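**Student:** One structure coming up, written as structure tokens, with questions to follow.
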Amino acid sequence: MTYSSFLKAEFLVLWRRKQDVFNALLFFIIVVVLFPIGVNSSPEFLAPAAAGIIWCATVLAVLMALESTFKEDHRDGSLEQLVVSGLSLPLLIVLKIIAQWLVVMLPLLITMPLLAEMLYLPSSGFWALIGTLLVGSPSLFFIGVIGGALTVSIKQGAMLVMLLILPFYLPVIIFSTLAVKAAQAGLPYSGFLAMLLAMSLLSLVISPFMTAIAVKASVNA
Amino acid sequence: MQSFASLTISDLWIERAERDLCKGLSFSVQSGDVVRILGENGAGKSSLLKVIVGALSPEEGRIAYSGEDVTLDRSILQQDALYIGHSVGVKQRLSVAENIRWYCPDVCTNVLHEALKSLELIDYMDTPVKKLSAGQTRRVALARLWLSQKTLWLLDEPFASLDVKGVELLEERIQQHALAGGMVILTSHQNLLSLASRDVMLLP
Ligand SMILES: Nc1ncnc2c1ncn2[C@@H]1O[C@H](COP(=O)(O)OP(=O)(O)O)[C@@H](O)[C@H]1O
Ligand SMILES: [Mg+2]
């Protein structure tokens, strides 16, 4: 096995699993669409709430996608093969997350103009929102994958365990919505983006090692 | 494949589920050896293979590969070892050929076809593995024995769910590998007296 053959197989598997990916996207859209219908559809309410709504839906969609990150690999024994491949497990995990991020986040970003329009998000806020999603969402993946590795061998209630990592998502959600609010008020928001970037980089450095430890423990559980 | 390789295990102590599976186990394997690990169900045969390949940590003991101490960092051994466990590590959503390219990316098409022909998988080359039978799935994993150039083979019950022809094919391949200077450690209930050059007994 090499890093490139691993990455290629990851993309192939994700392509075969496109139904799951599509379901996560559908879930995301439904959450966002239900909000104006269920709560309040006036622009005065929606415009300030838009970033929060989109970010919460994103977090849920990402959690759903990550819960199953290692499940199939564990069942067929290919996860064990990764552990004993002689390649760096943390690096393989980084590659896996990059593949997942591309496959989950790109479609989500593509639907964003439409959803932002629906939530009356002004264009000033829109670009800030895209910015926060681009810089902030990697940390969601890097943090969430630790939960995915810990719950590999749990058959029931895995989603419940995943919710344990939700508190670690709060700073990301808070800084993102603050950034969009600042942008909507015409204030500079690059400081918030820098914070988000810092969180993503920090989780990039720490999470692969923690995930590797969790994977090794799970393989033999 | 290395021209001469050796694996030395000394004073190995494996504990699992609060039970000592082995304590003070020592043995060594050299190029040309086929070692069979014997023991009852639950004696710790699979665990021993996992410890050797580095999927499981022992309580104590040293493992050396070709003279290098790999007790703490198994990567030298892993790069030269092929491990097939109870779950064979074949990706269900990928086709047979894709699975092989995942594991052995550098194999050229002719060689791949030859191996799949001898394993009677050639007609299933582009079939997703989840549509294959258990024995066929195991054959996909065994294709690695034909296609990768690893020295140390660690095979956990490799004959499970194989038919008579599959067993013969695998025995032949193991023998070839040993003759070519490879090392094989396997666990099996099959009577392989002709095959194994040595036994390691795990007592309960
Ligand atoms: N996944 C596991 N988690 C905890 N203990 C295990 C696990 N698998 C096996 N064991 C314990 O290790 C012992 C040895 O198992 P194993 O190595 O699979 O035996 P064998 O392959 O010889 O049949 C078993 O008796 C069992 O108690
Ligand atoms: Mg066993």
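Quick note on naming: the chains in the structure tokens go A, B, ... in the order shown, residues restart at 1 in each chain, and ligands are numbered from 1 in order of appearance.
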Counting only C-alpha atoms, a student should be able to say which residues of chain A come within 8 Å of chain B; what is the right answer, written as a list in words?
**Tutor:**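 The selection requested is Met1, Thr2, Ser5, Phe6, Lys8, Ala9, Leu12, Val13, Arg16, Asp73, Arg75, Asp76, Gly77, Ser78, Leu79, Glu80, Gln81, Val83, Val84, Ser85, Gly86, Leu87, Lys216, Val219 and Asn220 of chain A.
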**Student:** Which residues come within 6 Å of region 52-65 of chain A, counting only C-alpha atoms, excluding same-chain residues fewer than 2 positions away, as a list in words?
**Tutor:**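 Listed by chain and then number, they are Ala24, Phe28, Ala49, Ala50, Glu67 and Thr177 of chain A.
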**Student:** Find the residues near ligand 1. Use a cut-off of 7 Å, count only C-alpha atoms and all ligand atoms, and write them as a list of chain:residue names.
**Tutor:**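 So the residues close to ligand 1 are A:Asn220, A:Ala221, B:Arg16, B:Ala17, B:Leu21, B:Gly39, B:Glu40, B:Asn41, B:Gly42, B:Ala43, B:Gly44, B:Lys45, B:Ser46, B:Ser47, B:Leu48.
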**Student:** If we count only C-alpha atoms, what is near Glu114 (chain B) at a cut-off of 12 Å, once residues fewer than 6 positions away on the same chain are taken out, given as a list in words?
**Tutor:**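 Selected residues are Val107, Cys108, Glu120, Leu121, Ile122, Met125, Ala143, Trp146 and Leu147 of chain B.
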**Student:** Now that the selection is made, can you save its residues with all heavy atoms as a PDB file, in the first residue's frame?
**Tutor:**
```pdb
ATOM      1  N   VAL B 107       1.652  -3.268  -9.293  1.00  0.00           N
ATOM      2  CA  VAL B 107       1.612  -4.510 -10.045  1.00  0.00           C
ATOM      3  C   VAL B 107       1.181  -4.227 -11.494  1.00  0.00           C
ATOM      4  O   VAL B 107       0.301  -3.404 -11.746  1.00  0.00           O
ATOM      5  CB  VAL B 107       0.665  -5.517  -9.358  1.00  0.00           C
ATOM      6  CG1 VAL B 107      -0.762  -5.053  -9.401  1.00  0.00           C
ATOM      7  CG2 VAL B 107       0.810  -6.882  -9.965  1.00  0.00           C
ATOM      8  N   CYS B 108       1.841  -4.879 -12.469  1.00  0.00           N
ATOM      9  CA  CYS B 108       1.470  -4.578 -13.846  1.00  0.00           C
ATOM     10  C   CYS B 108       0.335  -5.503 -14.284  1.00  0.00           C
ATOM     11  O   CYS B 108       0.103  -6.571 -13.707  1.00  0.00           O
ATOM     12  CB  CYS B 108       2.671  -4.655 -14.785  1.00  0.00           C
ATOM     13  SG  CYS B 108       3.378  -6.278 -14.924  1.00  0.00           S
ATOM     14  N   GLU B 120      -8.697 -18.253 -10.053  1.00  0.00           N
ATOM     15  CA  GLU B 120     -10.048 -18.369 -10.623  1.00  0.00           C
ATOM     16  C   GLU B 120     -10.918 -17.170 -10.288  1.00  0.00           C
ATOM     17  O   GLU B 120     -12.109 -17.293 -10.006  1.00  0.00           O
ATOM     18  CB  GLU B 120     -10.713 -19.673 -10.153  1.00  0.00           C
ATOM     19  CG  GLU B 120     -10.039 -20.887 -10.764  1.00  0.00           C
ATOM     20  CD  GLU B 120     -10.501 -22.194 -10.155  1.00  0.00           C
ATOM     21  OE1 GLU B 120     -11.365 -22.143  -9.272  1.00  0.00           O
ATOM     22  OE2 GLU B 120      -9.976 -23.241 -10.555  1.00  0.00           O
ATOM     23  N   LEU B 121     -10.285 -16.006 -10.302  1.00  0.00           N
ATOM     24  CA  LEU B 121     -11.039 -14.786 -10.020  1.00  0.00           C
ATOM     25  C   LEU B 121     -11.141 -13.902 -11.258  1.00  0.00           C
ATOM     26  O   LEU B 121     -11.709 -12.815 -11.198  1.00  0.00           O
ATOM     27  CB  LEU B 121     -10.352 -13.990  -8.912  1.00  0.00           C
ATOM     28  CG  LEU B 121     -10.498 -14.502  -7.478  1.00  0.00           C
ATOM     29  CD1 LEU B 121      -9.581 -13.737  -6.555  1.00  0.00           C
ATOM     30  CD2 LEU B 121     -11.937 -14.393  -7.014  1.00  0.00           C
ATOM     31  N   ILE B 122     -10.601 -14.377 -12.374  1.00  0.00           N
ATOM     32  CA  ILE B 122     -10.460 -13.500 -13.535  1.00  0.00           C
ATOM     33  C   ILE B 122     -11.822 -13.017 -14.038  1.00  0.00           C
ATOM     34  O   ILE B 122     -11.969 -11.878 -14.473  1.00  0.00           O
ATOM     35  CB  ILE B 122      -9.632 -14.192 -14.651  1.00  0.00           C
ATOM     36  CG1 ILE B 122      -9.220 -13.189 -15.726  1.00  0.00           C
ATOM     37  CG2 ILE B 122     -10.350 -15.371 -15.250  1.00  0.00           C
ATOM     38  CD1 ILE B 122      -8.060 -12.329 -15.315  1.00  0.00           C
ATOM     39  N   MET B 125     -13.118  -9.909 -12.022  1.00  0.00           N
ATOM     40  CA  MET B 125     -12.185  -8.813 -11.859  1.00  0.00           C
ATOM     41  C   MET B 125     -12.869  -7.489 -11.524  1.00  0.00           C
ATOM     42  O   MET B 125     -12.404  -6.744 -10.664  1.00  0.00           O
ATOM     43  CB  MET B 125     -11.383  -8.664 -13.143  1.00  0.00           C
ATOM     44  CG  MET B 125      -9.995  -8.224 -12.905  1.00  0.00           C
ATOM     45  SD  MET B 125      -9.075  -8.362 -14.404  1.00  0.00           S
ATOM     46  CE  MET B 125      -8.804  -6.653 -14.703  1.00  0.00           C
ATOM     47  N   ALA B 143      -4.557 -13.165  -3.094  1.00  0.00           N
ATOM     48  CA  ALA B 143      -3.865 -12.694  -4.299  1.00  0.00           C
ATOM     49  C   ALA B 143      -2.634 -11.884  -3.929  1.00  0.00           C
ATOM     50  O   ALA B 143      -1.661 -11.836  -4.673  1.00  0.00           O
ATOM     51  CB  ALA B 143      -4.815 -11.862  -5.165  1.00  0.00           C
ATOM     52  N   TRP B 146       0.597 -13.573  -4.132  1.00  0.00           N
ATOM     53  CA  TRP B 146       1.175 -13.728  -5.458  1.00  0.00           C
ATOM     54  C   TRP B 146       1.776 -12.405  -5.946  1.00  0.00           C
ATOM     55  O   TRP B 146       2.704 -12.412  -6.719  1.00  0.00           O
ATOM     56  CB  TRP B 146       0.105 -14.181  -6.453  1.00  0.00           C
ATOM     57  CG  TRP B 146      -0.074 -15.656  -6.534  1.00  0.00           C
ATOM     58  CD1 TRP B 146       0.404 -16.486  -7.497  1.00  0.00           C
ATOM     59  CD2 TRP B 146      -0.799 -16.499  -5.616  1.00  0.00           C
ATOM     60  NE1 TRP B 146       0.040 -17.783  -7.232  1.00  0.00           N
ATOM     61  CE2 TRP B 146      -0.702 -17.830  -6.100  1.00  0.00           C
ATOM     62  CE3 TRP B 146      -1.518 -16.277  -4.444  1.00  0.00           C
ATOM     63  CZ2 TRP B 146      -1.295 -18.908  -5.459  1.00  0.00           C
ATOM     64  CZ3 TRP B 146      -2.101 -17.343  -3.808  1.00  0.00           C
ATOM     65  CH2 TRP B 146      -1.983 -18.649  -4.308  1.00  0.00           C
ATOM     66  N   LEU B 147       1.209 -11.304  -5.479  1.00  0.00           N
ATOM     67  CA  LEU B 147       1.504 -10.024  -6.123  1.00  0.00           C
ATOM     68  C   LEU B 147       2.382  -9.069  -5.327  1.00  0.00           C
ATOM     69  O   LEU B 147       2.938  -8.144  -5.880  1.00  0.00           O
ATOM     70  CB  LEU B 147       0.195  -9.320  -6.480  1.00  0.00           C
ATOM     71  CG  LEU B 147      -0.649 -10.110  -7.491  1.00  0.00           C
ATOM     72  CD1 LEU B 147      -2.016  -9.497  -7.642  1.00  0.00           C
ATOM     73  CD2 LEU B 147       0.060 -10.183  -8.824  1.00  0.00           C
TER      74      LEU B 147
END
```
**Student:** Quick one: of A:Leu129, A:Leu202, A:Met210, A:Ser153, who's nearest to Tyr189 (chain A), counting only C-alpha atoms?
**Tutor:**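 With only C-alpha atoms as the atom set, the closest residue is A:Leu129.
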**Student:** Find the spatial neighbours of Leu102 (chain A), counting only C-alpha atoms, within a cut-off of 10 Å - ignore same-chain residues fewer than 5 positions away - and output them as a PyMOL selection string.
**Tutor:** chain A and resi 11+97+107-108+138
**Student:** Could those selected residues go to a file with all heavy atoms, as a PDB file, in the first residue's frame?
**Tutor:**
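Result saved to result_15.pdb:
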```pdb
ATOM      1  N   PHE A  11     -11.258   7.707  -2.405  1.00  0.00           N
ATOM      2  CA  PHE A  11     -12.170   8.423  -3.302  1.00  0.00           C
ATOM      3  C   PHE A  11     -13.116   7.454  -3.999  1.00  0.00           C
ATOM      4  O   PHE A  11     -14.294   7.744  -4.179  1.00  0.00           O
ATOM      5  CB  PHE A  11     -11.385   9.247  -4.326  1.00  0.00           C
ATOM      6  CG  PHE A  11     -10.940  10.582  -3.806  1.00  0.00           C
ATOM      7  CD1 PHE A  11      -9.599  10.886  -3.705  1.00  0.00           C
ATOM      8  CD2 PHE A  11     -11.867  11.527  -3.383  1.00  0.00           C
ATOM      9  CE1 PHE A  11      -9.177  12.119  -3.207  1.00  0.00           C
ATOM     10  CE2 PHE A  11     -11.468  12.764  -2.883  1.00  0.00           C
ATOM     11  CZ  PHE A  11     -10.116  13.056  -2.802  1.00  0.00           C
ATOM     12  N   ILE A  97      -9.331  12.350   5.886  1.00  0.00           N
ATOM     13  CA  ILE A  97     -10.170  13.501   6.222  1.00  0.00           C
ATOM     14  C   ILE A  97     -10.224  14.483   5.054  1.00  0.00           C
ATOM     15  O   ILE A  97     -11.272  15.049   4.771  1.00  0.00           O
ATOM     16  CB  ILE A  97      -9.652  14.193   7.487  1.00  0.00           C
ATOM     17  CG1 ILE A  97      -9.742  13.226   8.662  1.00  0.00           C
ATOM     18  CG2 ILE A  97     -10.471  15.429   7.789  1.00  0.00           C
ATOM     19  CD1 ILE A  97      -9.146  13.755   9.915  1.00  0.00           C
ATOM     20  N   PRO A 107     -20.124  19.911  -2.149  1.00  0.00           N
ATOM     21  CA  PRO A 107     -21.532  20.018  -2.531  1.00  0.00           C
ATOM     22  C   PRO A 107     -22.284  21.002  -1.634  1.00  0.00           C
ATOM     23  O   PRO A 107     -23.137  21.756  -2.104  1.00  0.00           O
ATOM     24  CB  PRO A 107     -22.077  18.601  -2.336  1.00  0.00           C
ATOM     25  CG  PRO A 107     -20.905  17.721  -2.290  1.00  0.00           C
ATOM     26  CD  PRO A 107     -19.762  18.532  -1.803  1.00  0.00           C
ATOM     27  N   LEU A 108     -21.911  20.988  -0.360  1.00  0.00           N
ATOM     28  CA  LEU A 108     -22.569  21.884   0.586  1.00  0.00           C
ATOM     29  C   LEU A 108     -22.307  23.342   0.222  1.00  0.00           C
ATOM     30  O   LEU A 108     -23.203  24.188   0.248  1.00  0.00           O
ATOM     31  CB  LEU A 108     -21.995  21.566   1.964  1.00  0.00           C
ATOM     32  CG  LEU A 108     -22.941  21.475   3.113  1.00  0.00           C
ATOM     33  CD1 LEU A 108     -22.626  20.248   3.950  1.00  0.00           C
ATOM     34  CD2 LEU A 108     -22.745  22.696   3.938  1.00  0.00           C
ATOM     35  N   PRO A 138     -12.731  22.621   8.339  1.00  0.00           N
ATOM     36  CA  PRO A 138     -11.739  21.557   8.559  1.00  0.00           C
ATOM     37  C   PRO A 138     -11.625  21.162  10.026  1.00  0.00           C
ATOM     38  O   PRO A 138     -11.461  19.982  10.339  1.00  0.00           O
ATOM     39  CB  PRO A 138     -10.435  22.179   8.049  1.00  0.00           C
ATOM     40  CG  PRO A 138     -10.877  23.131   7.006  1.00  0.00           C
ATOM     41  CD  PRO A 138     -12.168  23.704   7.502  1.00  0.00           C
TER      42      PRO A 138
END
```
**Student:** Determine which residues of region 52-192 of chain B receive a DSSP assignment of alpha helix (DSSP H), computed from the backbone, and state them as number ranges by chain.
**Tutor:** B: 52-53, 75-79, 96-103, 109-118, 134-147, 164-179
**Student:** Could you pull the residues within 8 Å of Ser207 (chain A), counting only C-alpha atoms, minus those fewer than 3 positions along the same chain, as a count of residues only?
**Tutor:** 8
**Student:** Would you please give, as a list in words, all residues of region 49-203 of chain B that DSSP assigns to strand (DSSP E or B) based on the backbone?
**Tutor:**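 Going through region 49-203 of chain B, the strand (DSSP E or B) residues come out as Glu60, Gly61, Arg62, Ile63, Ala64, Tyr65, Glu68, Asp69, Ala81, Leu82, Tyr83, Ile84, Ser95, Pro128, Leu152, Trp153, Leu154, Leu155, Asp156, Met183, Val184, Ile185, Leu186, Thr187, Arg198, Asp199, Val200 and Met201 of chain B.
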**Student:** Nearest residue to ligand 2 out of B:Lys150, B:His189, B:Arg19, B:Arg139, using only C-alpha atoms and all ligand atoms?
**Tutor:** B:His189
**Student:** Give me, as a list in words, all polymer residues having an atom no more than 7 Å from region 193-197 of chain B, counting only C-alpha atoms and skipping those fewer than 2 positions away in the same chain.
**Tutor:** Asp33, Val34, Val35, Arg36, Gln175 and Asn191 of chain B
**Student:** Let me make sure I understand: among B:Gln2, B:Thr127, B:Ser31, B:Thr187, which one has the smallest atom-to-atom distance to ligand 2 if we use only C-alpha atoms and all ligand atoms?
**Tutor:** B:Thr187
**Student:** When you count only C-alpha atoms, which of these residues is closest to Ser218 (chain A): A:Leu89, A:Leu150, A:Met112, A:Ile130?
**Tutor:**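 Looking only at the distances to Ser218 (chain A), the closest residue turns out to be A:Leu150.
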**Student:** Near Gly148 (chain A), within 7 Å and counting only C-alpha atoms, which residues show up once chain neighbours fewer than 4 positions away are dropped, as a count of residues only?
**Tutor:** 7
**Student:** I'd like the interatomic distance between CA of Val29 (chain B) and CA of Leu82 (chain A), to a tenth of an Å.
**Tutor:**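 Here the two named atoms are 24.7 Å from each other.
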**Student:** Between A:Leu178, A:Val104, A:Ala149, A:Ile98, single out the one closest to Ala128 (chain A), counting only C-alpha atoms.
**Tutor:**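 The answer is A:Leu178, which sits nearest to Ala128 (chain A).
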